[in-house]
Amino acid sequence: MPANSLLSQINKDRIPGHIAIIMDGNGRWAKKRALPRVVGHEYGVKSVRTVAETAAKLGVKYLTLYTFSTENWNRPQLEVKAIMALLVRTIRKEVATLQKNDIRLRTIGNIEALPADAYRELQEAMEMTKDNKRMELVLALNYSARWDLVQATRQIAEQVKKGIIEPEQIDETLISKTLNTGEFPEPELLIRTSGEYRISNFMLWELAYGEFYFTDIYWPEFDQEALYKAIIDYQKRERRFGKTSEQIHK
Ligand code: IPE
Ligand code: IPE
Ligand code: MG
């Protein structure tokens, strides 16, 4: 279906405020074409650009992209190096696009442990885009949800130890705001590409009531139409948060 006809099916008043995406399938996309995996990652950047611009135009406020997991360090070192180099190149090149589209760059994950040039490039881009208002693009880098829960637990334990808070004051709100994602609302919609049906250590806490959307499309082929389809599917769902359908409609 052409993009325009899909766009007309989207209810502009019910755009998810926060969309999170597990961008998967770069390697398989490349393999299908007898290309090196790295080429798949390079084409994946094209999808990032398209999806970020489309999301911003639709009025999405936060777009979180799972870019590199803590577990991804276990890949062949050549691939890890290539991904890091691509990250540096892409950020350098795309800052202008972010500025043009009024998009603020953010990160979650332990970015201090990234290679120094990647860390520096990210810091600069975040600083340059910090006043942008239309959308926040959050890259999950060296991120895993369990790591985040551990670091938050440590921070809270420190506060208890110092007598700043009592154990009884630990509640869901405190945990949420101590996580790396603390400044962002919870995603209403999680998209995973490439036909895998798992969460791979991503936003375990934040997705407690998120709507999941899976597509077989490999990430390098995920385009505007694919995003429209995911949002249309999301808008057909009824979010009940434990209540009955009748309660929601009354
Ligand atoms: C996602 O694509 C990108 C990263 C995890 C960095 P993959 O590289 O996981 O692609 P597949 O799953 O091997 O096809
Ligand atoms: C999840 O994809 C991580 C990112 C997209 C960055 P993976 O390809 O690493 O996940 P698994 O290993 O298939 O679960
Ligand atoms: Mg994968």
# chains A, B, ... in the order shown; residues from 1 in each chain; ligands from 1
>>> select_by_dssp(residues="stretch 59-150 of chain A", states="strand (DSSP E or B)", output="list in words")
Tyr62, Leu63, Thr64, Leu65, Tyr66, Thr67, Phe68, Ser69, Ile103, Arg104, Leu105, Arg106, Thr107, Ile108, Met135, Glu136, Leu137, Val138, Leu139, Ala140, Leu141, Asn142 and Tyr143 of chain A
>>> residues_around(residues="stretch 132-149 of chain A", least_positions_apart="4", cutoff="7 Å", atoms="only C-alpha atoms", output="PyMOL selection string")
chain A and resi 56+60-70+102-111+153+179-180+201-204
>>> write_last_selection(atoms="C-alpha atoms", output="PDB file, in the first residue's frame")
ATOM      1  CA  ALA A  56       9.447  13.495  14.221  1.00  0.00           C
ATOM      2  CA  VAL A  60       6.451  11.272  18.214  1.00  0.00           C
ATOM      3  CA  LYS A  61       8.259  12.882  21.159  1.00  0.00           C
ATOM      4  CA  TYR A  62      10.778  10.138  22.038  1.00  0.00           C
ATOM      5  CA  LEU A  63      12.312   7.557  19.755  1.00  0.00           C
ATOM      6  CA  THR A  64      14.622   5.052  21.443  1.00  0.00           C
ATOM      7  CA  LEU A  65      16.773   2.864  19.219  1.00  0.00           C
ATOM      8  CA  TYR A  66      18.541  -0.226  20.544  1.00  0.00           C
ATOM      9  CA  THR A  67      21.837   0.328  18.783  1.00  0.00           C
ATOM     10  CA  PHE A  68      24.419  -1.763  20.643  1.00  0.00           C
ATOM     11  CA  SER A  69      23.754  -4.073  23.570  1.00  0.00           C
ATOM     12  CA  THR A  70      26.158  -4.956  26.359  1.00  0.00           C
ATOM     13  CA  ASP A 102      15.017  20.075  15.624  1.00  0.00           C
ATOM     14  CA  ILE A 103      15.871  16.672  17.163  1.00  0.00           C
ATOM     15  CA  ARG A 104      17.764  16.309  20.413  1.00  0.00           C
ATOM     16  CA  LEU A 105      20.220  13.435  20.735  1.00  0.00           C
ATOM     17  CA  ARG A 106      20.286  11.470  24.006  1.00  0.00           C
ATOM     18  CA  THR A 107      21.721   8.135  25.104  1.00  0.00           C
ATOM     19  CA  ILE A 108      21.055   5.370  27.574  1.00  0.00           C
ATOM     20  CA  GLY A 109      23.623   2.755  28.525  1.00  0.00           C
ATOM     21  CA  ASN A 110      27.168   2.856  29.791  1.00  0.00           C
ATOM     22  CA  ILE A 111      28.591   5.158  27.126  1.00  0.00           C
ATOM     23  CA  THR A 153      20.012  -0.481  42.706  1.00  0.00           C
ATOM     24  CA  LEU A 179      17.211   4.182  35.804  1.00  0.00           C
ATOM     25  CA  ASN A 180      19.094   5.583  32.801  1.00  0.00           C
ATOM     26  CA  ASN A 201      17.627  -7.471  27.625  1.00  0.00           C
ATOM     27  CA  PHE A 202      15.935  -4.248  26.487  1.00  0.00           C
ATOM     28  CA  MET A 203      13.885  -1.978  28.776  1.00  0.00           C
ATOM     29  CA  LEU A 204      12.637  -4.815  30.990  1.00  0.00           C
TER      30      LEU A 204
END
>>> residues_near_ligand(ligand="ligand 3", cutoff="9 Å", atoms="only C-alpha atoms and all ligand atoms", output="ChimeraX atom specification")
/A:23-28,194,196
>>> write_last_selection(atoms="all heavy atoms", output="mmCIF file, in the first residue's frame")
data_model
loop_
_atom_site.group_PDB
_atom_site.id
_atom_site.type_symbol
_atom_site.label_atom_id
_atom_site.label_comp_id
_atom_site.auth_asym_id
_atom_site.auth_seq_id
_atom_site.Cartn_x
_atom_site.Cartn_y
_atom_site.Cartn_z
ATOM 1 N N MET A 23 16.350 -2.739 16.599
ATOM 2 C CA MET A 23 16.689 -2.726 15.166
ATOM 3 C C MET A 23 17.477 -3.992 14.856
ATOM 4 O O MET A 23 18.683 -4.041 15.054
ATOM 5 C CB MET A 23 17.562 -1.504 14.849
ATOM 6 C CG MET A 23 17.027 -0.185 15.384
ATOM 7 S SD MET A 23 18.049 1.202 14.857
ATOM 8 C CE MET A 23 19.496 1.028 15.902
ATOM 9 N N ASP A 24 16.805 -5.013 14.362
ATOM 10 C CA ASP A 24 17.487 -6.304 14.193
ATOM 11 C C ASP A 24 17.424 -6.768 12.733
ATOM 12 O O ASP A 24 16.510 -6.405 12.002
ATOM 13 C CB ASP A 24 16.828 -7.335 15.124
ATOM 14 C CG ASP A 24 17.730 -8.531 15.381
ATOM 15 O OD1 ASP A 24 18.917 -8.486 15.001
ATOM 16 O OD2 ASP A 24 17.246 -9.523 15.962
ATOM 17 N N GLY A 25 18.420 -7.545 12.350
ATOM 18 C CA GLY A 25 18.403 -8.172 11.023
ATOM 19 C C GLY A 25 19.399 -7.591 10.025
ATOM 20 O O GLY A 25 19.362 -7.946 8.846
ATOM 21 N N ASN A 26 20.287 -6.730 10.487
ATOM 22 C CA ASN A 26 21.292 -6.161 9.568
ATOM 23 C C ASN A 26 22.166 -7.251 8.955
ATOM 24 O O ASN A 26 22.460 -7.240 7.759
ATOM 25 C CB ASN A 26 22.213 -5.191 10.308
ATOM 26 C CG ASN A 26 21.494 -3.951 10.784
ATOM 27 O OD1 ASN A 26 20.335 -3.734 10.435
ATOM 28 N ND2 ASN A 26 22.170 -3.143 11.593
ATOM 29 N N GLY A 27 22.604 -8.177 9.798
ATOM 30 C CA GLY A 27 23.507 -9.250 9.355
ATOM 31 C C GLY A 27 22.831 -10.148 8.332
ATOM 32 O O GLY A 27 23.411 -10.467 7.281
ATOM 33 N N ARG A 28 21.595 -10.546 8.630
ATOM 34 C CA ARG A 28 20.883 -11.452 7.717
ATOM 35 C C ARG A 28 20.540 -10.756 6.402
ATOM 36 O O ARG A 28 20.557 -11.358 5.340
ATOM 37 C CB ARG A 28 19.614 -11.991 8.387
ATOM 38 C CG ARG A 28 19.910 -13.201 9.280
ATOM 39 C CD ARG A 28 18.773 -13.466 10.227
ATOM 40 N NE ARG A 28 18.750 -12.449 11.290
ATOM 41 C CZ ARG A 28 17.694 -12.237 12.068
ATOM 42 N NH1 ARG A 28 16.595 -12.920 11.895
ATOM 43 N NH2 ARG A 28 17.762 -11.334 13.023
ATOM 44 N N SER A 194 12.911 -8.129 11.945
ATOM 45 C CA SER A 194 13.652 -9.335 11.533
ATOM 46 C C SER A 194 13.036 -10.664 11.982
ATOM 47 O O SER A 194 13.683 -11.701 11.885
ATOM 48 C CB SER A 194 15.125 -9.275 11.979
ATOM 49 O OG SER A 194 15.302 -9.803 13.281
ATOM 50 N N GLU A 196 12.272 -11.863 14.893
ATOM 51 C CA GLU A 196 12.634 -12.443 16.199
ATOM 52 C C GLU A 196 11.624 -11.959 17.227
ATOM 53 O O GLU A 196 11.254 -10.794 17.230
ATOM 54 C CB GLU A 196 14.038 -11.996 16.629
ATOM 55 C CG GLU A 196 15.153 -12.301 15.649
ATOM 56 C CD GLU A 196 15.420 -13.785 15.465
ATOM 57 O OE1 GLU A 196 14.853 -14.601 16.222
ATOM 58 O OE2 GLU A 196 16.179 -14.122 14.551
#
>>> closest_residue(among="A:Ala34, A:Val160, A:Ile21, A:Ile15", to="ligand 2", atoms="only C-alpha atoms and all ligand atoms")
A:Ile21
>>> closest_residue(among="A:Lys57, A:Lys162, A:His41, A:Arg75", to="A:Leu87", atoms="only C-alpha atoms")
A:His41
>>> closest_residue(among="A:Asp131, A:Glu53, A:Glu183, A:Glu79", to="ligand 1", atoms="only C-alpha atoms and all ligand atoms")
A:Glu79
>>> closest_residue(among="A:Arg92, A:Lys177, A:Lys243, A:Arg37", to="ligand 2", atoms="only C-alpha atoms and all ligand atoms")
A:Arg37
>>> residues_around(residues="stretch 235-239 of chain A", least_positions_apart="2", cutoff="9 Å", atoms="only C-alpha atoms", output="CSV table (one decimal) with N, CA, C and O atoms, in the first residue's frame")
chain,number,residue,atom,x,y,z
A,10,ILE,N,-3.8,6.8,9.8
A,10,ILE,CA,-3.2,7.1,11.2
A,10,ILE,C,-4.0,8.2,11.9
A,10,ILE,O,-4.3,9.2,11.3
A,11,ASN,N,-4.4,7.9,13.1
A,11,ASN,CA,-5.1,8.9,13.9
A,11,ASN,C,-4.1,9.8,14.5
A,11,ASN,O,-3.4,9.4,15.4
A,14,ARG,N,-3.6,10.1,18.3
A,14,ARG,CA,-3.2,8.9,19.1
A,14,ARG,C,-1.9,8.4,18.7
A,14,ARG,O,-1.6,7.2,18.6
A,15,ILE,N,-1.0,9.3,18.4
A,15,ILE,CA,0.4,8.9,18.0
A,15,ILE,C,1.1,8.5,19.3
A,15,ILE,O,1.1,9.3,20.3
A,16,PRO,N,1.8,7.3,19.4
A,16,PRO,CA,2.5,7.0,20.6
A,16,PRO,C,3.6,8.1,20.9
A,16,PRO,O,4.3,8.5,20.0
A,209,TYR,N,4.0,-2.4,30.5
A,209,TYR,CA,2.7,-2.3,29.8
A,209,TYR,C,2.8,-1.8,28.3
A,209,TYR,O,1.9,-1.4,27.8
A,210,GLY,N,4.0,-2.0,27.8
A,210,GLY,CA,4.2,-1.6,26.4
A,210,GLY,C,3.5,-2.5,25.4
A,210,GLY,O,3.4,-3.7,25.7
A,211,GLU,N,3.1,-2.0,24.3
A,211,GLU,CA,2.5,-2.8,23.2
A,211,GLU,C,3.7,-3.3,22.3
A,211,GLU,O,4.5,-2.5,21.9
A,230,ALA,N,3.2,-0.1,11.7
A,230,ALA,CA,3.3,-0.4,13.1
A,230,ALA,C,2.4,0.5,13.9
A,230,ALA,O,1.8,0.0,14.9
A,231,ILE,N,2.3,1.7,13.6
A,231,ILE,CA,1.5,2.7,14.3
A,231,ILE,C,0.0,2.4,14.1
A,231,ILE,O,-0.8,2.4,15.1
A,232,ILE,N,-0.4,2.0,12.9
A,232,ILE,CA,-1.8,1.7,12.6
A,232,ILE,C,-2.1,0.5,13.5
A,232,ILE,O,-3.2,0.4,14.1
A,233,ASP,N,-1.3,-0.5,13.5
A,233,ASP,CA,-1.5,-1.7,14.3
A,233,ASP,C,-1.7,-1.4,15.8
A,233,ASP,O,-2.6,-1.8,16.5
A,241,PHE,N,-4.4,-2.1,30.9
A,241,PHE,CA,-3.7,-1.9,32.2
A,241,PHE,C,-4.3,-2.7,33.3
A,241,PHE,O,-4.4,-2.2,34.4
A,242,GLY,N,-4.7,-3.9,33.0
A,242,GLY,CA,-5.3,-4.8,34.1
A,242,GLY,C,-6.8,-4.6,34.3
A,242,GLY,O,-7.4,-5.4,35.0
A,243,LYS,N,-7.4,-3.6,33.6
A,243,LYS,CA,-8.8,-3.4,33.8
A,243,LYS,C,-9.6,-4.2,32.8
A,243,LYS,O,-9.0,-4.9,31.9
A,245,SER,N,-12.4,-4.5,29.6
A,245,SER,CA,-12.7,-3.7,28.4
A,245,SER,C,-13.8,-2.7,28.7
A,245,SER,O,-13.8,-1.5,28.3
A,248,ILE,N,-12.8,0.4,30.4
A,248,ILE,CA,-12.0,1.3,29.5
A,248,ILE,C,-13.0,2.2,28.7
A,248,ILE,O,-12.8,3.4,28.4
>>> select_by_dssp(residues="stretch 25-188 of chain A", states="alpha helix (DSSP H)", output="PyMOL selection string")
chain A and resi 26-32+37-58+77-100+116-128+145-161+172-178
>>> residues_around(residues="A:Thr50", least_positions_apart="3", cutoff="8 Å", atoms="only C-alpha atoms", output="VMD selection string")
chain A and resid 46 to 47 53 to 54 223 to 224
>>> atom_distance(atom1="atom CA of A:Glu186", atom2="atom CA of A:Leu174")
14.2 Å
>>> atom_distance(atom1="atom CA of A:Ile19", atom2="atom CA of A:Ile191")
7.6 Å
>>> closest_residue(among="A:Ala3, A:Val51, A:Val38, A:Ile199", to="ligand 2", atoms="only C-alpha atoms and all ligand atoms")
A:Ile199
>>> atom_distance(atom1="atom CA of A:Thr215", atom2="atom CA of A:Arg192")
6.5 Å
>>> closest_residue(among="A:Leu6, A:Ile217, A:Ile83, A:Ala226", to="ligand 2", atoms="only C-alpha atoms and all ligand atoms")
A:Ile83
>>> residues_around(residues="stretch 93-96 of chain A", least_positions_apart="6", cutoff="9 Å", atoms="only C-alpha atoms", output="PyMOL selection string")
chain A and resi 49+105+125+128-129
>>> write_last_selection(atoms="C-alpha atoms", output="CSV table (one decimal), in the first residue's frame")
chain,number,residue,atom,x,y,z
A,49,ARG,CA,17.5,8.4,9.3
A,105,LEU,CA,20.2,13.4,20.7
A,125,ALA,CA,26.4,15.9,19.5
A,128,MET,CA,25.1,20.7,20.2
A,129,THR,CA,21.5,19.5,20.0
